[in-house]
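Trainee: Take a look at the following structure, please.
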Protein chains: 2
Amino acid sequence: MATIDDVAKASGVSKGTVSSVFSKKRPISKEVTERVLAAAKVLNYKPNYWARSLANKSTRIIGLNIQGEKFKFSQFHLSLLNGVLSVCYEHGYRLLVNTLSHSYQNKLEHMVTGPANGEILLNPESEDERIIERLSGDVPIVLIGRPSSDFENHISYVDNDNVSMTEQITRYLLDLGHRNFLFLNAPKDRTVAVDRARGFLAAVQEAGLPQSSYRIVYKPDPDNSSLDFGYETTLKALQANQAITAIIADTDTMALGVYKAAESLRINIPSQLSVFAFSDDSVFSPEFTPPLTGVRLHAERLGREAAVMLIEQMTGNVNTVKRTIVPTDMVIRSSCAAPITNFGGN
Amino acid sequence: MATIDDVAKASGVSKGTVSSVFSKKRPISKEVTERVLAAAKVLNYKPNYWARSLANKSTRIIGLNIQGEKFKFSQFHLSLLNGVLSVCYEHGYRLLVNTLSHSYQNKLEHMVTGPANGEILLNPESEDERIIERLSGDVPIVLIGRPSSDFENHISYVDNDNVSMTEQITRYLLDLGHRNFLFLNAPKDRTVAVDRARGFLAAVQEAGLPQSSYRIVYKPDPDNSSLDFGYETTLKALQANQAITAIIADTDTMALGVYKAAESLRINIPSQLSVFAFSDDSVFSPEFTPPLTGVRLHAERLGREAAVMLIEQMTGNVNTVKRTIVPTDMVIRSSCAAPITNFGGN
DNA sequence: TCCTTTCATTAAACCGGTTTAATGATATGG
DNA sequence: CCATATCATTAAACCGGTTTAATGAAAGGA
């Protein structure tokens, strides 16, 4: 590949002039510009990205960091990614998807500053090493999801209001007459799981339900299939406890597992079992039989807001900590109904 | 951020020694290694990615290039992405998602070599400028999908056998008794659309169908919603031509559009209308009502194979052109059936 | 003991750009 | 007509690493 020196020599000018022609940071006479451009075309010269980044101290790369050994993108991530990408596109940034597991990143030979100029971290955990690590660097980060409270005032983030959202949807189910719940939650170390559990508990305790009439099961391993987890947990729970009339699932894929479990137990949804899911904006939710009632998290907007926030932090040197709450809305379809027999509680 | 010089000074050794400690490319005595590492820790030093890339002429970044102004990831891309990512992960590569439109990339200020060390190009077109552009550079590329025949012997690619696959599924529909087809195809400039059209035509012509009894509609704009295209095209076509009994859709999202159109016309699937889709491995396909019959393209495997092939080209300096055909398989569910009345043709 | 080999370390050159300070040429003003 | 301001251009320093050739010390051989 031709270098800037080759072009300089070929067109009889200095390096600096060629540089200016391409970066347009300094005016160059039209005549010279044309001569340089012509030489560049002949030599098939293109400025080297790395050299440029080194000198400029700026790649235009945004990192999207997702933890997980065998991470698989879900519908939710898909929408989120689309949101991030659209903003990246508008501002001429590139997106680097980084799913390297933490253990890998910590190996000495990989202790390197990343290529990204800013990072979006997904699925923050209560004690998230990634955050601590990033804090000492000078790459601005934005979280999607709430950080642990230690960092809440130090890091900008975008999130739904998981606590009150879950409280609200639990009340909805309570109002329908349900008194026996199974809550299939996200992995326990995620802050989102903590928040949703809080909202759920607030509602059921407000309603005066005894501890025996609700159970929260956390997805054990983030790398497991949500579908299987939903299926197996539901199967066991329903076999062990006939009283359960409502299941809240963390994702629509998990809800699909619930559907399948109900089917194999010949339990009808919604007459015998109500199913609710924290869904994304998936086009497929309406296609469940019966169509899935859930809450839209607006994953795409989460992604957009996070990207906008990050770019703001990267360009303006403002160090202000910001928070954006993306509103959610319930979409009532037909997977939730009043339980068959309801003698007024438990 | 601390630089290598700071560490060298702090630990009383030279730049080169510090470099060797981190890169392990030259043995350094244990004593010195520890001293350097200690100093690095104190200073919170991490080797700079860009400087390293410049000197090494190697990022460990793979680019995934998708054309489209307002590109949105679909289920298919999702699976594909998961496949690519899993391989990237295994080999310690990072993935750069590049959806910059072509016009943007061609602007002078963006005429730069990319940060990637190898690229995967999606959705190749008959006359794909991206390929020509890449050919002159020294970044190896791998396509997912067939390139135009001019390049077929110069570029490695991974693909399904679209021609015979489409021929096969068309025969399946013919065997069911269908004689009047609508084929909702991908955008015309994609090679995949050409191949599928070829397979389709081969089958219908072999069956001796007159031109009037089948129609291929190409999705006009790649940036449009597949759902809307499926819906609107189906609606118009069925209103104009009652004889149509079978629709082949390019994607499952498009098929969803067909379902909705059928619903609004009160046409029953599959008794009045059979629907077939080139689907990915979506967990949602079984959830269509009725469950969608289609062909699995194994998007994840397409992604995996492409990534493996690319890394092979990047590391081994082999310049051999390879091709991998990922097999497909039909999944017969219940959206296709014999047409109600079939008097033996047309 | 002296000479050669082995080994860790270093100074300096290099990767391919950007940027600063200096230079020379032209335009402006008194 | 000379002094000054304006402008395009350049040489050299710089970004932060890696690598080569040179150096000096310790080990091995005669």
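Numbering starts fresh at 1 for the residues of each chain in the structure tokens, the chains themselves are lettered A, B, ... in the order given, and ligands are numbered from 1 as they appear.
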Write out as a PyMOL selection string every residue belonging to chain C that has an atom at most 8 Å from any atom of chain A, counting only C-alpha atoms (C1' of nucleotides).
Mentor: chain C and resi 15-18
Trainee: For those residues, write N, CA, C and O atoms (P, O5', C5', C4', C3', O3' and C1' of nucleotides) to a file as an mmCIF file, in the first residue's frame.
Mentor:
```cif
data_model
loop_
_atom_site.group_PDB
_atom_site.id
_atom_site.type_symbol
_atom_site.label_atom_id
_atom_site.label_comp_id
_atom_site.auth_asym_id
_atom_site.auth_seq_id
_atom_site.Cartn_x
_atom_site.Cartn_y
_atom_site.Cartn_z
ATOM 1 P P DC C 15 9.321 2.440 7.841
ATOM 2 O "O5'" DC C 15 7.843 2.170 8.329
ATOM 3 C "C5'" DC C 15 7.443 0.935 8.911
ATOM 4 C "C4'" DC C 15 6.150 1.155 9.645
ATOM 5 C "C3'" DC C 15 5.278 2.235 8.997
ATOM 6 O "O3'" DC C 15 4.328 1.612 8.140
ATOM 7 C "C1'" DC C 15 5.386 2.476 11.392
ATOM 8 P P DG C 16 4.154 2.197 6.650
ATOM 9 O "O5'" DG C 16 3.221 3.473 6.872
ATOM 10 C "C5'" DG C 16 1.915 3.286 7.393
ATOM 11 C "C4'" DG C 16 1.345 4.613 7.796
ATOM 12 C "C3'" DG C 16 1.397 5.680 6.699
ATOM 13 O "O3'" DG C 16 0.183 6.403 6.711
ATOM 14 C "C1'" DG C 16 2.334 6.508 8.657
ATOM 15 P P DG C 17 -0.247 7.207 5.410
ATOM 16 O "O5'" DG C 17 -1.424 8.137 5.967
ATOM 17 C "C5'" DG C 17 -1.195 9.467 6.350
ATOM 18 C "C4'" DG C 17 -1.326 9.630 7.852
ATOM 19 C "C3'" DG C 17 -1.470 11.066 8.317
ATOM 20 O "O3'" DG C 17 -2.846 11.379 8.430
ATOM 21 C "C1'" DG C 17 0.178 9.907 9.612
ATOM 22 P P DT C 18 -3.277 12.943 8.370
ATOM 23 O "O5'" DT C 18 -2.663 13.568 9.693
ATOM 24 C "C5'" DT C 18 -3.297 13.303 10.943
ATOM 25 C "C4'" DT C 18 -2.663 14.168 12.018
ATOM 26 C "C3'" DT C 18 -2.921 15.666 11.876
ATOM 27 O "O3'" DT C 18 -3.219 16.156 13.165
ATOM 28 C "C1'" DT C 18 -0.594 15.257 12.006
#
```
Trainee: Applying 10 Å and only C-alpha atoms (C1' of nucleotides), which residues near region 306-319 of chain A remain after dropping the ones on its own chain fewer than 4 positions away? List them as an NGL selection string.
Mentor: :A and (58 or 60 or 62 or 64 or 80 or 83-88 or 91 or 93 or 117-121 or 139-145 or 154-159 or 300-302 or 323-324)
Trainee: Could you check the closest approach to chain D for each of A:Arg26, A:Arg171, A:Lys322, A:Arg304 and tell me which residue wins, using only C-alpha atoms (C1' of nucleotides)?
Mentor: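 When distances to chain D are compared using only C-alpha atoms (C1' of nucleotides), the smallest one comes from A:Arg26.
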Trainee: Taking only C-alpha atoms into account, which residues of chain B are within 8 Å of chain A, as a ChimeraX atom specification?
Mentor: /B:1,22-23,44,46-51,53-54,70-75,78-79,82,85-86,89,92,94-100,108-109,111-115,136-138,253,283-284,287-289
Trainee: Using only C-alpha atoms (C1' of nucleotides), I'd like every residue of chain D that has an atom within 9 Å of chain B; please write them out as a list of chain:residue names.
Mentor: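 So the residues of chain D near chain B are D:DC15, D:DG16, D:DG17, D:DT18, D:DT19.
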Trainee: Taking N, CA, C and O atoms (P, O5', C5', C4', C3', O3' and C1' of nucleotides) for each residue, export the selection above as a CSV table (one decimal), in the first residue's frame.
Mentor:
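Result written to out.csv:
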```csv
chain,number,residue,atom,x,y,z
D,15,DC,P,4.5,13.7,21.8
D,15,DC,O5',3.3,12.7,21.5
D,15,DC,C5',2.1,13.2,20.9
D,15,DC,C4',1.4,12.0,20.2
D,15,DC,C3',1.7,10.7,20.9
D,15,DC,O3',0.7,10.4,21.8
D,15,DC,C1',1.8,10.6,18.5
D,16,DG,P,1.1,9.9,23.3
D,16,DG,O5',1.5,8.4,23.0
D,16,DG,C5',0.5,7.5,22.6
D,16,DG,C4',1.1,6.2,22.2
D,16,DG,C3',2.0,5.6,23.3
D,16,DG,O3',1.8,4.2,23.3
D,16,DG,C1',3.2,5.7,21.3
D,17,DG,P,2.2,3.4,24.6
D,17,DG,O5',2.1,1.8,24.1
D,17,DG,C5',3.3,1.2,23.6
D,17,DG,C4',3.3,0.9,22.2
D,17,DG,C3',4.2,-0.1,21.7
D,17,DG,O3',3.6,-1.4,21.6
D,17,DG,C1',4.3,1.9,20.3
D,18,DT,P,4.5,-2.7,21.6
D,18,DT,O5',5.3,-2.6,20.3
D,18,DT,C5',4.6,-3.0,19.1
D,18,DT,C4',5.7,-3.1,17.9
D,18,DT,C3',6.7,-4.2,18.1
D,18,DT,O3',6.8,-4.8,16.8
D,18,DT,C1',7.8,-2.2,17.8
D,19,DT,P,7.6,-6.2,16.6
D,19,DT,O5',9.0,-5.7,16.0
D,19,DT,C5',9.0,-4.8,14.9
D,19,DT,C4',10.5,-4.5,14.6
D,19,DT,C3',11.5,-5.6,14.8
D,19,DT,O3',12.4,-5.6,13.7
D,19,DT,C1',12.2,-3.7,16.0
```
Trainee: If you run DSSP on this backbone, which residues of region 108-267 of chain A come out as helix (DSSP H, G or I), and could you give them as a PyMOL selection string?
Mentor: chain A and resi 108-110+129-136+162-176+191-206+211-213+226-240+252-264
Trainee: With a distance cut-off of 12 Å and only C-alpha atoms (C1' of nucleotides), select the neighbouring residues of DA12 (chain D), excluding the residue or stretch itself and same-chain residues fewer than 6 positions from it, and output the selection as JSON, numbers by chain.
Mentor: {"A": [14, 15, 16], "C": [19, 20, 21, 22]}
Trainee: If I take CA of His178 (chain A) and CA of Thr245 (chain A), how far is one from the other in Å, to one decimal?
Mentor: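 Taking CA of His178 (chain A) and CA of Thr245 (chain A), their separation equals 6.3 Å.
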Trainee: Identify, on the basis of only C-alpha atoms (C1' of nucleotides), every residue whose closest approach to Arg190 (chain B) does not exceed 8 Å; exclude the query and any residue fewer than 6 positions from it along the same chain; express the result as a PyMOL selection string.
Mentor: chain B and resi 123-126
Trainee: Just give me the gap between CA of Ile332 (chain A) and CA of Gln272 (chain A) in Å, one decimal is fine.
Mentor: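 So the answer is 17.4 Å.
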Trainee: Could you name the residues that touch DG24 (chain C) at 12 Å or less, counting only C-alpha atoms (C1' of nucleotides), but leaving out those on the same chain fewer than 5 positions away, as an MDAnalysis selection string?
Mentor: chainID D and resid 7:10
Trainee: Neighbours of DG24 (chain D) within 12 Å (only C-alpha atoms (C1' of nucleotides); same-chain residues fewer than 5 positions away dropped), as a list in words?
Mentor: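 Those residues are DC7, DA8, DT9 and DT10 of chain C.
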Trainee: For the residues selected in the previous step, produce a file with C-alpha atoms (C1' of nucleotides) as a PDB file, in the first residue's frame.
Mentor:
```pdb
ATOM      1  C1'  DC C   7      22.277 -13.475  26.757  1.00  0.00           C
ATOM      2  C1'  DA C   8      19.632  -9.431  28.458  1.00  0.00           C
ATOM      3  C1'  DT C   9      19.393  -4.722  27.584  1.00  0.00           C
ATOM      4  C1'  DT C  10      19.464  -0.408  25.081  1.00  0.00           C
TER       5       DT C  10
END
```
Trainee: Could you pull the residues within 10 Å of region 246-251 of chain A, counting only C-alpha atoms (C1' of nucleotides), minus those fewer than 3 positions along the same chain, as a ChimeraX atom specification?
Mentor: /A:74-76,166,169-170,173-174,177-187,193,196,200,214-219,226-227,230,234,243,254-258,269-270,272-280,294-295,335-339
Trainee: Run DSSP on the backbone of this structure and report the residues of region 125-311 of chain A it assigns to strand (DSSP E), as a PyMOL selection string.
Mentor: chain A and resi 141-144+156-159+181-185+214-218+246-249+274-279+293-296
Trainee: Take the residues from that selection and put them in a file with N, CA, C and O atoms, as a tab-separated table (two decimals), in the first residue's frame.
Mentor:
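Output saved as result_31.tsv:
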```
chain	number	residue	atom	x	y	z
A	141	ILE	N	-17.86	6.26	29.12
A	141	ILE	CA	-18.79	5.15	28.97
A	141	ILE	C	-20.20	5.59	29.31
A	141	ILE	O	-20.43	6.55	30.05
A	142	VAL	N	-21.13	4.85	28.75
A	142	VAL	CA	-22.54	5.04	29.05
A	142	VAL	C	-23.12	3.67	29.27
A	142	VAL	O	-22.81	2.74	28.53
A	143	LEU	N	-23.93	3.51	30.29
A	143	LEU	CA	-24.55	2.22	30.54
A	143	LEU	C	-25.96	2.18	29.97
A	143	LEU	O	-26.64	3.20	29.91
A	144	ILE	N	-26.37	1.00	29.57
A	144	ILE	CA	-27.79	0.78	29.34
A	144	ILE	C	-28.23	-0.11	30.48
A	144	ILE	O	-27.88	-1.28	30.55
A	156	SER	N	-23.06	8.08	33.56
A	156	SER	CA	-24.28	8.36	32.83
A	156	SER	C	-24.91	7.06	32.37
A	156	SER	O	-24.21	6.13	31.98
A	157	TYR	N	-26.21	7.01	32.40
A	157	TYR	CA	-26.85	5.80	31.91
A	157	TYR	C	-28.26	6.04	31.40
A	157	TYR	O	-28.88	7.06	31.68
A	158	VAL	N	-28.72	5.08	30.64
A	158	VAL	CA	-30.06	5.09	30.08
A	158	VAL	C	-30.77	3.85	30.60
A	158	VAL	O	-30.18	2.78	30.65
A	159	ASP	N	-31.98	4.01	31.01
A	159	ASP	CA	-32.68	2.85	31.56
A	159	ASP	C	-34.19	3.05	31.49
A	159	ASP	O	-34.67	4.16	31.26
A	181	PHE	N	-48.14	-16.18	42.21
A	181	PHE	CA	-47.27	-15.76	41.11
A	181	PHE	C	-45.97	-16.54	41.01
A	181	PHE	O	-45.40	-16.94	42.03
A	182	LEU	N	-45.55	-16.67	39.79
A	182	LEU	CA	-44.18	-17.12	39.54
A	182	LEU	C	-43.53	-16.03	38.70
A	182	LEU	O	-44.06	-15.61	37.67
A	183	PHE	N	-42.37	-15.58	39.17
A	183	PHE	CA	-41.68	-14.51	38.46
A	183	PHE	C	-40.35	-15.07	37.95
A	183	PHE	O	-39.45	-15.37	38.73
A	184	LEU	N	-40.25	-15.22	36.65
A	184	LEU	CA	-39.00	-15.69	36.05
A	184	LEU	C	-38.15	-14.46	35.74
A	184	LEU	O	-38.40	-13.75	34.78
A	185	ASN	N	-37.17	-14.25	36.57
A	185	ASN	CA	-36.41	-13.01	36.50
A	185	ASN	C	-35.07	-13.21	35.78
A	185	ASN	O	-34.64	-14.32	35.51
A	214	TYR	N	-45.96	-16.32	46.30
A	214	TYR	CA	-45.21	-15.85	45.14
A	214	TYR	C	-43.78	-16.34	45.24
A	214	TYR	O	-43.26	-16.58	46.31
A	215	ARG	N	-43.20	-16.51	44.08
A	215	ARG	CA	-41.83	-16.99	44.06
A	215	ARG	C	-41.08	-16.32	42.91
A	215	ARG	O	-41.62	-16.17	41.82
A	216	ILE	N	-39.87	-15.89	43.22
A	216	ILE	CA	-39.02	-15.32	42.17
A	216	ILE	C	-37.91	-16.30	41.86
A	216	ILE	O	-37.18	-16.72	42.76
A	217	VAL	N	-37.79	-16.69	40.61
A	217	VAL	CA	-36.69	-17.56	40.21
A	217	VAL	C	-35.78	-16.77	39.28
A	217	VAL	O	-36.25	-16.18	38.30
A	218	TYR	N	-34.50	-16.74	39.62
A	218	TYR	CA	-33.55	-16.00	38.79
A	218	TYR	C	-32.90	-16.94	37.78
A	218	TYR	O	-32.55	-18.07	38.13
A	246	ALA	N	-50.41	-17.09	37.52
A	246	ALA	CA	-49.81	-16.04	36.69
A	246	ALA	C	-48.29	-16.16	36.68
A	246	ALA	O	-47.67	-16.36	37.73
A	247	ILE	N	-47.73	-16.03	35.51
A	247	ILE	CA	-46.28	-16.07	35.38
A	247	ILE	C	-45.80	-14.81	34.68
A	247	ILE	O	-46.33	-14.41	33.64
A	248	ILE	N	-44.82	-14.18	35.29
A	248	ILE	CA	-44.19	-13.01	34.68
A	248	ILE	C	-42.83	-13.46	34.15
A	248	ILE	O	-42.02	-14.00	34.91
A	249	ALA	N	-42.60	-13.26	32.87
A	249	ALA	CA	-41.33	-13.72	32.28
A	249	ALA	C	-40.46	-12.53	31.89
A	249	ALA	O	-40.95	-11.47	31.51
A	274	SER	N	-52.11	-17.11	33.25
A	274	SER	CA	-51.81	-15.85	32.59
A	274	SER	C	-50.29	-15.71	32.43
A	274	SER	O	-49.53	-16.07	33.32
A	275	VAL	N	-49.90	-15.21	31.29
A	275	VAL	CA	-48.47	-15.03	31.03
A	275	VAL	C	-48.20	-13.58	30.64
A	275	VAL	O	-48.89	-13.02	29.79
A	276	PHE	N	-47.20	-13.01	31.28
A	276	PHE	CA	-46.83	-11.64	31.01
A	276	PHE	C	-45.33	-11.59	30.73
A	276	PHE	O	-44.57	-12.31	31.35
A	277	ALA	N	-44.92	-10.75	29.79
A	277	ALA	CA	-43.48	-10.70	29.49
A	277	ALA	C	-42.97	-9.28	29.34
A	277	ALA	O	-43.65	-8.40	28.82
A	278	PHE	N	-41.75	-9.08	29.83
A	278	PHE	CA	-41.04	-7.85	29.52
A	278	PHE	C	-40.50	-8.03	28.12
A	278	PHE	O	-39.47	-8.65	27.90
A	279	SER	N	-41.24	-7.52	27.19
A	279	SER	CA	-40.92	-7.81	25.81
A	279	SER	C	-40.19	-6.65	25.18
A	279	SER	O	-40.17	-5.54	25.68
A	293	THR	N	-49.29	-10.64	26.06
A	293	THR	CA	-49.41	-9.36	26.77
A	293	THR	C	-48.07	-9.05	27.42
A	293	THR	O	-47.45	-9.92	28.01
A	294	GLY	N	-47.64	-7.81	27.29
A	294	GLY	CA	-46.33	-7.49	27.87
A	294	GLY	C	-46.11	-6.01	27.97
A	294	GLY	O	-47.04	-5.21	27.83
A	295	VAL	N	-44.88	-5.65	28.21
A	295	VAL	CA	-44.57	-4.24	28.29
A	295	VAL	C	-43.45	-3.94	27.31
A	295	VAL	O	-42.47	-4.66	27.23
A	296	ARG	N	-43.66	-2.90	26.53
A	296	ARG	CA	-42.64	-2.50	25.57
A	296	ARG	C	-41.55	-1.73	26.27
A	296	ARG	O	-41.81	-0.75	26.95
```
